[in-house]
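K.L.:
Pasting model.cif below, which is mmCIF, C-alpha atoms.
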data_target
#
loop_
_atom_site.label_atom_id
_atom_site.label_comp_id
_atom_site.auth_asym_id
_atom_site.auth_seq_id
_atom_site.Cartn_x
_atom_site.Cartn_y
_atom_site.Cartn_z
CA MET A 5 201.90 48.74 -14.49
CA ASN A 6 199.96 48.21 -11.27
CA ASP A 7 197.67 45.73 -12.98
CA ASP A 8 200.72 43.66 -13.90
CA ILE A 9 201.85 43.56 -10.26
CA PHE A 10 198.39 42.42 -9.17
CA ASP A 11 198.37 39.79 -11.93
CA ASP A 12 201.74 38.48 -10.72
CA LEU A 13 200.49 38.29 -7.13
CA ALA A 14 197.30 36.55 -8.27
CA LEU A 15 199.42 34.06 -10.22
CA GLU A 16 201.56 33.29 -7.16
CA HIS A 17 198.45 32.96 -5.00
CA ALA A 18 196.67 30.66 -7.50
CA ALA A 19 199.74 28.40 -7.77
CA LYS A 20 199.92 28.10 -3.99
CA ASP A 21 196.19 27.46 -3.51
CA LYS A 22 195.51 25.14 -6.43
CA PHE A 23 198.84 23.32 -6.84
CA GLY A 24 200.70 23.76 -3.54
CA VAL A 25 203.68 25.30 -5.35
CA VAL A 26 205.34 28.34 -3.81
CA PHE A 27 207.37 30.69 -6.00
CA GLU A 28 207.88 34.36 -6.75
CA VAL A 29 207.37 35.70 -10.25
CA GLU A 30 210.50 37.47 -11.46
CA SER A 31 209.39 38.40 -14.96
CA VAL A 32 206.53 37.60 -17.29
CA ILE A 33 207.52 36.57 -20.80
CA VAL A 34 203.98 36.57 -22.27
CA ARG A 35 200.83 37.46 -20.38
CA GLY A 36 197.35 36.15 -21.17
CA VAL A 37 197.92 35.02 -24.76
CA ASP A 38 195.24 33.00 -26.53
CA VAL A 39 196.01 29.30 -26.77
CA SER A 40 192.55 28.14 -27.85
CA ARG A 41 189.17 29.71 -28.49
CA SER A 42 188.51 30.14 -24.77
CA ALA A 43 191.78 29.40 -22.93
CA ARG A 44 194.67 31.72 -22.21
CA ALA A 45 198.25 31.20 -21.05
CA THR A 46 200.87 33.15 -19.16
CA VAL A 47 204.54 32.17 -19.43
CA PHE A 48 206.86 33.52 -16.74
CA LEU A 49 210.21 33.08 -15.00
CA THR A 50 210.42 32.52 -11.25
CA LYS A 51 213.09 33.96 -8.96
CA LYS A 52 214.87 30.58 -9.21
CA ARG A 53 215.03 31.02 -13.02
CA GLN A 54 212.49 28.29 -13.73
CA LEU A 55 210.22 28.83 -16.72
CA MET A 56 206.56 28.12 -15.95
CA CYS A 57 203.39 28.14 -18.02
CA TYR A 58 199.97 28.74 -16.43
CA ILE A 59 196.97 27.87 -18.63
CA TYR A 60 193.50 28.98 -17.56
CA GLY A 61 190.05 29.90 -18.83
CA PRO A 62 186.42 28.83 -18.84
CA ALA A 63 187.05 25.98 -21.29
CA ARG A 64 186.92 22.36 -20.14
CA LEU A 65 190.50 21.29 -20.66
CA THR A 66 191.86 17.80 -20.16
CA LEU A 67 195.44 16.68 -19.57
CA GLY A 68 195.64 15.70 -23.26
CA ASP A 69 194.45 19.17 -24.33
CA VAL A 70 197.03 20.86 -22.10
CA LYS A 71 199.85 18.69 -23.45
CA LYS A 72 198.84 19.53 -27.02
CA ILE A 73 198.58 23.26 -26.25
CA VAL A 74 202.00 23.32 -24.59
CA SER A 75 203.54 21.51 -27.55
CA ARG A 76 201.97 23.87 -30.07
CA MET A 77 203.18 26.86 -28.08
CA GLY A 78 206.70 25.60 -28.79
CA LEU A 79 207.38 24.53 -25.21
CA LYS A 80 208.73 21.23 -23.97
CA PRO A 81 207.17 20.33 -20.59
CA GLU A 82 209.30 19.03 -17.77
CA MET A 83 206.60 18.59 -15.12
CA LEU A 84 202.83 18.97 -15.02
CA PHE A 85 201.77 19.85 -11.49
CA PRO A 86 198.75 17.90 -10.16
CA PRO A 87 196.15 19.60 -7.96
CA LYS A 88 197.23 20.37 -4.39
CA GLY A 89 197.07 17.40 -2.04
CA ARG A 90 196.52 14.84 -4.81
CA PRO A 91 199.91 13.78 -6.19
CA GLN A 92 198.43 10.70 -7.95
CA HIS A 93 195.44 12.61 -9.38
CA PHE A 94 196.14 11.81 -13.05
CA ASP A 95 196.81 8.11 -12.39
CA ASN A 96 193.76 7.69 -10.13
CA TYR A 97 191.45 9.31 -12.67
CA GLY A 98 192.93 7.16 -15.44
CA ARG A 99 192.41 3.97 -13.41
CA ASP A 100 188.80 4.92 -12.63
CA LYS A 101 188.04 5.59 -16.30
CA PHE A 102 189.76 2.35 -17.33
CA ARG A 103 187.64 0.38 -14.84
CA GLU A 104 184.47 2.01 -16.22
CA VAL A 105 185.37 0.78 -19.71
CA PHE A 106 186.74 -2.62 -18.62
CA PRO A 107 184.93 -3.53 -15.38
CA GLY A 108 186.07 -7.17 -15.45
CA ARG A 109 189.81 -6.43 -15.39
CA SER A 110 191.25 -6.88 -11.90
CA HIS A 111 194.88 -5.92 -12.53
CA VAL A 112 195.44 -2.53 -14.15
CA SER A 113 199.00 -1.59 -15.14
CA ASP A 114 200.44 1.83 -15.91
CA ASP A 115 200.61 0.90 -19.59
CA ASP A 116 196.85 0.25 -19.59
CA ILE A 117 195.95 3.74 -18.36
CA VAL A 118 198.20 5.84 -20.61
CA TYR A 119 195.29 6.96 -22.78
CA TYR A 120 192.81 7.28 -19.92
CA ARG A 121 195.14 9.64 -18.02
CA THR A 122 194.82 12.12 -20.88
CA LEU A 123 191.07 12.37 -20.18
CA THR A 124 191.66 13.87 -16.71
CA PRO A 125 190.10 17.34 -16.32
CA TYR A 126 192.97 19.83 -15.89
CA ASN A 127 191.96 23.47 -15.72
CA PRO A 128 193.76 25.55 -14.58
CA ALA A 129 197.07 23.94 -15.47
CA LEU A 130 200.59 24.69 -14.24
CA ILE A 131 203.54 23.35 -16.21
CA GLN A 132 207.27 23.62 -15.55
CA VAL A 133 209.00 24.06 -18.89
CA ALA A 134 212.22 22.24 -19.80
CA GLU A 135 212.96 24.24 -22.96
CA VAL A 136 211.56 26.58 -25.58
CA ARG A 137 211.91 24.86 -28.94
CA ASP A 138 213.36 27.02 -31.73
CA GLY A 139 213.56 30.00 -29.35
CA VAL A 140 209.99 31.10 -30.12
CA ILE A 141 206.80 31.02 -28.04
CA TYR A 142 203.64 30.81 -30.16
CA GLN A 143 200.04 31.85 -29.54
CA ALA A 144 196.80 30.78 -31.19
CA ASP A 145 195.64 32.88 -34.13
CA SER A 146 192.63 31.84 -36.17
CA ASP A 147 193.74 34.05 -39.08
CA ALA A 148 197.13 32.36 -39.45
CA GLN A 149 197.43 29.48 -41.90
CA SER A 150 198.68 27.03 -39.26
CA GLY A 151 196.40 28.43 -36.53
CA TRP A 152 199.43 29.63 -34.53
CA ARG A 153 201.64 32.70 -34.82
CA GLN A 154 204.81 33.88 -33.16
CA SER A 155 204.15 35.68 -29.91
CA VAL A 156 207.67 36.38 -28.64
CA LYS A 157 211.25 35.22 -29.19
CA PHE A 158 212.68 33.75 -26.02
CA ALA A 159 215.54 31.27 -25.66
CA TYR A 160 215.42 28.94 -22.65
CA ARG A 161 216.78 25.49 -21.86
CA ARG A 162 216.85 24.09 -18.37
CA ILE A 163 220.17 22.48 -17.49
CA ARG A 164 219.64 19.78 -14.91
CA THR A 165 222.12 19.68 -12.07
CA SER A 166 222.65 16.74 -9.71
#
As structure tokens, what does this structure read like?

P.N.:
Amino acid sequence: MNDDIFDDLALEHAAKDKFGVVFEVESVIVRGVDVSRSARATVFLTKKRQLMCYIYGPARLTLGDVKKIVSRMGLKPEMLFPPKGRPQHFDNYGRDKFREVFPGRSHVSDDDIVYYRTLTPYNPALIQVAEVRDGVIYQADSDAQSGWRQSVKFAYRRIRTS
């Protein structure tokens, strides 16, 4: 029980330090489930009833990896929070990588960097979830035929207001 409280406080502290997002954890839906061979995820509700997913671990994850993990967990992302103080982090990294590959191009559009944004290192990752597809959150399981198994049933859909 006390470990869970410390984990919740550490989660709040990490979100504030790494992403500049302030919230209070109301309840944890799943804590520390495997989402790859070396990455774990915690899915929780904030006091404002927002569903968040925090992915962490020693693995080198990119934005593309995180998007794929979130999708396979059965979650639909609403917002991926960039590192604190760098709101254009994903775009800037994508532009830099694009210029490495195509040094002669002077004008770089947003359409040009779509792929290169996915190469941005993104660990840990904080995602605001729009909905849980099919009402089930999945976790990685190497013994399962699909590589994923049901972790918990949880229905959530964010209704946007104004």

K.L.:
Apply the PyMOL selection byres ((chain A and resi 86) around 9) to the file shown and report the selected residues as a PyMOL selection string.

P.N.:
chain A and resi 22-23+84-85+87-94+126+129-130

K.L.:
Report as a PyMOL selection string all protein, DNA and RNA residues lying within 8 Å of Gly139 in chain A, evaluated on only C-alpha atoms, omitting residues in the same chain fewer than 5 positions from it.

P.N.:
chain A and resi 157-160

K.L.:
Of the candidates A:Gln132, A:Gln154, A:Ser110, A:Gln143, which shows the shortest atom-to-atom distance to Asp38 in chain A, using all atoms listed in the file?

P.N.:
A:Gln143

K.L.:
What would the list of residues within 12 Å of (196.4, 34.3, -33.1) (file frame) look like as a PyMOL selection string, if all atoms listed in the file are what count?

P.N.:
chain A and resi 37-41+44+77+142-155

K.L.:
For each of A:Val156, A:Leu79, A:Leu65, A:Val136, take the minimum atom-to-atom distance to Leu123 in chain A, counting only C-alpha atoms, then give the residue where this is smallest.

P.N.:
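Answer, going by the shortest atom-to-atom distance: A:Leu65.
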
K.L.:
Counting only C-alpha atoms, find residues at most 12 Å from (199.4, 40.4, -13.0) (file frame) and give them as a PyMOL selection string.

P.N.:
chain A and resi 5-18+29-36+46-48

K.L.:
Do you know which residues the PyMOL selection byres ((chain A and resi 67-71) around 9) returns on this file, as a list in words?

P.N.:
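That expression, the PyMOL selection byres ((chain A and resi 67-71) around 9), corresponds here to Ile59, Leu65, Thr66, Lys72, Ile73, Val74, Ser75, Arg76, Pro81, Leu84, Phe94, Tyr119, Arg121, Thr122, Leu123, Thr124, Pro125, Tyr126, Asn127 and Ala129 of chain A.
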
K.L.:
Would you output that residue set with C-alpha atoms, as a tab-separated table (two decimals), keeping the file's coordinate frame?

P.N.:
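Writing done, so here's selection18.tsv:
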chain	number	residue	atom	x	y	z
A	59	ILE	CA	196.97	27.87	-18.63
A	65	LEU	CA	190.50	21.29	-20.66
A	66	THR	CA	191.86	17.80	-20.16
A	72	LYS	CA	198.84	19.53	-27.02
A	73	ILE	CA	198.58	23.26	-26.25
A	74	VAL	CA	202.00	23.32	-24.59
A	75	SER	CA	203.54	21.51	-27.55
A	76	ARG	CA	201.97	23.87	-30.07
A	81	PRO	CA	207.17	20.33	-20.59
A	84	LEU	CA	202.83	18.97	-15.02
A	94	PHE	CA	196.14	11.81	-13.05
A	119	TYR	CA	195.29	6.96	-22.78
A	121	ARG	CA	195.14	9.64	-18.02
A	122	THR	CA	194.82	12.12	-20.88
A	123	LEU	CA	191.07	12.37	-20.18
A	124	THR	CA	191.66	13.87	-16.71
A	125	PRO	CA	190.10	17.34	-16.32
A	126	TYR	CA	192.97	19.83	-15.89
A	127	ASN	CA	191.96	23.47	-15.72
A	129	ALA	CA	197.07	23.94	-15.47

K.L.:
Please report the interatomic distance between CA of Phe27 in chain A and CA of Pro62 in chain A in Å with one decimal.

P.N.:
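Result for CA of Phe27 in chain A versus CA of Pro62 in chain A: 24.6 Å, one decimal.
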
K.L.:
Could you work out how far CA of Leu55 in chain A lies from CA of Ala134 in chain A, giving the answer in Å with one decimal?

P.N.:
7.5 Å

K.L.:
Which residues are close to Asp95 in chain A, i.e. within 9 Å by all atoms listed in the file, leaving aside same-chain residues fewer than 5 positions away? Reply as a list in words.

P.N.:
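Close residues of Asp95 in chain A: Asp100, Asp114, Ile117, Val118, Tyr120, Arg121 and Thr124 of chain A.
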
K.L.:
Just how far from CA of Cys57 in chain A is CA of Ala45 in chain A, in Å to one decimal?

P.N.:
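Here the two named atoms are 6.7 Å from each other.
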
K.L.:
The PyMOL selection byres ((chain A and resi 50) around 6) on the file shown: which residues, as number ranges by chain?

P.N.:
A: 28-30, 49, 51-54

K.L.:
Under the rule that all atoms listed in the file are counted, which of A:Ala19, A:Val112, A:Met83, A:Ile131 is the nearest residue to Met56 in chain A?

P.N.:
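Of A:Ala19, A:Val112, A:Met83, A:Ile131, the one nearest Met56 in chain A is A:Ile131, counting all atoms listed in the file.
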